[in-house]
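S.K.: Here it is: the structure, laid out below.
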Amino acid sequence: MPKKYLGLPELNTISGATDYTLAHAPLNSSGDIYHILAYLILVSSFKYDHPNLMLTYDTDDTEKQANRSMNFANVLGYSSLFKKQKIPVINRTYRENVRQKSLENYIQQHEPTTVYVDQMATTTIIAKLFMLHGMKTITEILREGFSKRESVYFPKPAQKKVDEFVEGELKSVNQGASQKPLLVLHLRYAKTANQDLNIPDDLVSGLIAFLDSKGYRTWCVMADDRQDHTGFASQFTTHPFRNAVASNGMDCAKFQHLDLMSRIAKLSQIKGVIGNTSGTLDLAAFLGNRVYNIHQFNHKITYQSFRLTMQMTFLSVDDFKKDKVVAEDHAKRHQALKLALPQLEPWLMNEAVTPSITSKSFKLTKTKAGFKKMFTVQYADNLYQIADVDDLVLGLKKLITKGEAPSLMTKQILPLPAVILNATPAL
């Protein structure tokens with residue numbers, strides 16, 4: 001009986017292939033593991049088969065990231081599904097496209113009967129399932145799947161450390177409870193990769209002041225390992241990724257963050273999560289939080305921007321106009337913030353609905369390596385299109401292949417018009 005691959009039906013028809021691998025090129029980031037695991041949880045729930053999964057590395061730094069991802073997968077019960085593989089370094093530039101090519105070369109040379117599916121395809125499939133089944137159904141499945149703990153890989157002392165950390169943070173917030181609703185500012189600062197996705201401290205300060213004027217308390221969750229922050233202050237601040245090593249040497253950072261965001265999703269006094277683009281913020285949405293994502297689109301379809309466009313089936317995105325943040329005096333700061341984040345106030349007012357769309361015009365200037373990853377699986381020298389991507393992007397694939405440069409609206413890229421997505425059932 002042929003296997004059925006969720007979102008990847010063409011894998012059943014590729015002649016000569018004997019194996020299927022979902023692979024991750026070496027990167028100094030482990031945020032994509034959230035998408036891979038969400039994909040596996042949903043595959044299991046809907047009773048589909050899945051490809052094998054390969055996490056690759058080429059340096060000590062990328063091996064560290066692969067190890068963290070493997071450990072996370074093991075704890076959730078997926079130890080038998082992953083393998084870790086070292087691949088050669090083509091040159092010493094360590095650019096993403098070079099590492100991607102190195103991965104493809106390795107598979108073609110050493111596993112010639114393998115169909116390679118880039119792990120970024122998981123984003124497409126997850127977005128499609130949110131579109132088909134709605135926020136409530138999918139987040140309930142994901143929250144249950146992400147709550148599993150295999151004690152062989154996650155010893156009881158480490159679990160206790162995580163539980164105590166989360167309970168302590170929630171207790172601190174609850175002790176300061178008032179009649180005001182609470183919003184979480186989920187902030188990740190990248191020192192190296194994707195620095196353009198960082199948001200400046202003056203914007204955070206402006207956000208806190210603006211939200212206070214609208215009747216909200218704020219809770220900053222620092223989704224990185226920074227040791228301090230001096231540029232802003234909120235009522236509460238939590239560092240789930242700091243000092244996260246348990247007594248047995250296990251790194252509990254991801255689990256402290258995971259459990260915290262899962263608990264936050266269940267608290268009625270917390271009205272949503274506001275943050276900048278990162279895999280950790282995607283996880284918050286997977287767990288059922290109502291998410292407002294701040295992102296700089298810069299009027300171009302970059303790979304990251306297009307990927308985020310598809311994620312609008314489970315979170316809201318606003319185009320951050322960085323040049324509008326600065327105001328000459330205090331009286332004009334709120335107006336400047338409204339110009340910088342035009343969808344923030346509508347998102348606050350429409351608490352029951354997520355996601356939402358900012359109509360946005362993009363320029364497609366040339367074929368990007370990242371789009372090849374989103375649209376295709378690869379067997380030897382042949383490329384096969386993934387049907388679900390066609391459904392999601394409504395023919396954008398053809399434009400990219402031709403290398404044309406049209407102006408495209410977000411509403412044309414997404415599978416449903418904005419008015420329908422804005423009517424997504426409440427969480």
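Scheme for the structure tokens: letters A, B, ... for chains in order shown; per-chain residue numbers from 1; ligand numbers from 1 in order shown.
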Give me the residues within 10 Å of Val152 (chain A) as number ranges by chain, counting only C-alpha atoms and dropping any in the same chain fewer than 5 places off.
M.R.: A: 74-75, 77
S.K.: How about saving the chosen residues, N, CA and C atoms kept, as an mmCIF file, in the first residue's frame?
M.R.:
data_model
loop_
_atom_site.group_PDB
_atom_site.id
_atom_site.type_symbol
_atom_site.label_atom_id
_atom_site.label_comp_id
_atom_site.auth_asym_id
_atom_site.auth_seq_id
_atom_site.Cartn_x
_atom_site.Cartn_y
_atom_site.Cartn_z
ATOM 1 N N ASN A 74 13.882 14.649 20.935
ATOM 2 C CA ASN A 74 13.916 13.452 21.767
ATOM 3 C C ASN A 74 12.953 13.561 22.946
ATOM 4 N N VAL A 75 12.961 14.708 23.589
ATOM 5 C CA VAL A 75 12.102 14.912 24.766
ATOM 6 C C VAL A 75 10.627 14.781 24.400
ATOM 7 N N GLY A 77 9.450 12.829 22.198
ATOM 8 C CA GLY A 77 9.132 11.471 21.795
ATOM 9 C C GLY A 77 9.447 11.135 20.356
#
S.K.: Write out as a VMD selection string which residues come within 10 Å of Asp224 (chain A) when counting only C-alpha atoms, dropping same-chain ones fewer than 3 positions away.
M.R.: chain A and resid 186 to 191 221 227 239 to 242 253 257 280
S.K.: Would you mind writing down, as a ChimeraX atom specification, each residue of region 74-239 of chain A that DSSP on the backbone assigns to strand (DSSP E or B)?
M.R.: /A:82-86,114-118,182-187,217-222,236-238
S.K.: Which one is closest to Tyr5 (chain A): A:Val204, A:Asp49, A:Tyr34, A:Leu40? Count only C-alpha atoms.
M.R.: A:Asp49
S.K.: Hey, what does DSSP flag as alpha helix (DSSP H) within region 88-330 of chain A? Can you give it to me as a ChimeraX atom specification?
M.R.: /A:96-110,121-133,135-146,156-175,201-213,253-264,279-286,303-310
S.K.: I'd like the neighbourhood of region 125-133 of chain A as a ChimeraX atom specification, where a residue qualifies if any of its atoms comes within 7 Å (using only C-alpha atoms), though same-chain residues fewer than 3 positions away should be ignored.
M.R.: /A:7,39,121-122,137-138,310-311,313-314,388
S.K.: Next, the residues of the selection above should be written as a tab-separated table (two decimals), in the first residue's frame with all heavy atoms.
M.R.:
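Listing of selection-v3.tsv after writing:
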chain	number	residue	atom	x	y	z
A	7	GLY	N	0.53	16.75	2.63
A	7	GLY	CA	0.99	17.93	1.91
A	7	GLY	C	2.02	17.66	0.85
A	7	GLY	O	2.44	18.56	0.15
A	39	TYR	N	5.00	20.10	12.43
A	39	TYR	CA	4.65	19.27	11.29
A	39	TYR	C	4.48	17.81	11.72
A	39	TYR	O	3.49	17.14	11.38
A	39	TYR	CB	5.72	19.41	10.21
A	39	TYR	CG	5.74	18.33	9.17
A	39	TYR	CD1	4.79	18.30	8.14
A	39	TYR	CD2	6.71	17.33	9.19
A	39	TYR	CE1	4.81	17.30	7.18
A	39	TYR	CE2	6.74	16.33	8.23
A	39	TYR	CZ	5.80	16.31	7.23
A	39	TYR	OH	5.82	15.32	6.29
A	121	ALA	N	9.44	23.36	3.76
A	121	ALA	CA	8.12	22.97	3.26
A	121	ALA	C	7.15	22.75	4.41
A	121	ALA	O	5.93	22.83	4.22
A	121	ALA	CB	8.24	21.71	2.42
A	122	THR	N	7.66	22.47	5.60
A	122	THR	CA	6.77	22.26	6.74
A	122	THR	C	5.94	23.50	7.04
A	122	THR	O	4.78	23.39	7.46
A	122	THR	CB	7.57	21.86	8.00
A	122	THR	OG1	8.50	22.91	8.33
A	122	THR	CG2	8.33	20.57	7.77
A	137	THR	N	-8.83	24.10	16.50
A	137	THR	CA	-8.52	22.68	16.31
A	137	THR	C	-7.02	22.44	16.24
A	137	THR	O	-6.48	21.56	16.94
A	137	THR	CB	-9.18	22.15	15.02
A	137	THR	OG1	-10.60	22.22	15.18
A	137	THR	CG2	-8.78	20.71	14.74
A	138	ILE	N	-6.32	23.21	15.41
A	138	ILE	CA	-4.89	22.96	15.20
A	138	ILE	C	-4.08	23.31	16.44
A	138	ILE	O	-3.16	22.56	16.82
A	138	ILE	CB	-4.37	23.74	13.97
A	138	ILE	CG1	-5.08	23.25	12.71
A	138	ILE	CG2	-2.86	23.57	13.83
A	138	ILE	CD1	-4.89	21.77	12.41
A	310	MET	N	2.84	33.48	4.32
A	310	MET	CA	2.06	32.25	4.44
A	310	MET	C	1.62	31.99	5.87
A	310	MET	O	0.57	31.41	6.11
A	310	MET	CB	2.88	31.07	3.92
A	310	MET	CG	3.07	31.09	2.42
A	310	MET	SD	3.63	29.50	1.80
A	310	MET	CE	5.22	29.37	2.59
A	311	GLN	N	2.41	32.45	6.84
A	311	GLN	CA	2.07	32.22	8.24
A	311	GLN	C	0.90	33.07	8.72
A	311	GLN	O	0.46	32.93	9.86
A	311	GLN	CB	3.31	32.46	9.12
A	311	GLN	CG	4.39	31.44	8.89
A	311	GLN	CD	5.65	31.71	9.70
A	311	GLN	OE1	6.73	31.31	9.33
A	311	GLN	NE2	5.53	32.39	10.82
A	313	THR	N	-1.96	32.62	8.20
A	313	THR	CA	-3.09	31.78	8.54
A	313	THR	C	-3.15	31.48	10.04
A	313	THR	O	-4.15	30.96	10.53
A	313	THR	CB	-3.05	30.44	7.78
A	313	THR	OG1	-1.84	29.76	8.09
A	313	THR	CG2	-3.16	30.65	6.28
A	314	PHE	N	-2.07	31.82	10.79
A	314	PHE	CA	-2.11	31.56	12.23
A	314	PHE	C	-1.54	32.69	13.09
A	314	PHE	O	-1.51	32.59	14.31
A	314	PHE	CB	-1.42	30.23	12.59
A	314	PHE	CG	0.00	30.09	12.12
A	314	PHE	CD1	1.06	30.60	12.85
A	314	PHE	CD2	0.29	29.39	10.96
A	314	PHE	CE1	2.37	30.44	12.43
A	314	PHE	CE2	1.59	29.21	10.52
A	314	PHE	CZ	2.64	29.73	11.26
A	388	ASP	N	0.61	21.64	-2.49
A	388	ASP	CA	0.04	22.56	-1.52
A	388	ASP	C	0.59	23.97	-1.67
A	388	ASP	O	-0.07	24.93	-1.31
A	388	ASP	CB	0.30	22.07	-0.09
A	388	ASP	CG	-0.82	21.17	0.41
A	388	ASP	OD1	-1.84	21.08	-0.30
A	388	ASP	OD2	-0.68	20.58	1.47
S.K.: Might you pull out every residue within 12 Å of Val173 (chain A), with only C-alpha atoms counted and same-chain residues fewer than 2 positions away left off, and present them as a list of chain:residue names?
M.R.: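 Selected residues are A:Val166, A:Glu167, A:Gly168, A:Glu169, A:Leu170, A:Lys171, A:Gln175, A:Gly176, A:Ala177, A:Ser178, A:Pro181, A:Leu182, A:Leu183, A:Val184, A:Arg217, A:Thr218, A:Trp219, A:Cys220, A:Val221, A:Ser234, A:Gln235, A:Phe236, A:Thr237, A:Thr238, A:Ile264, A:Leu267, A:Gln269, A:Ile270.
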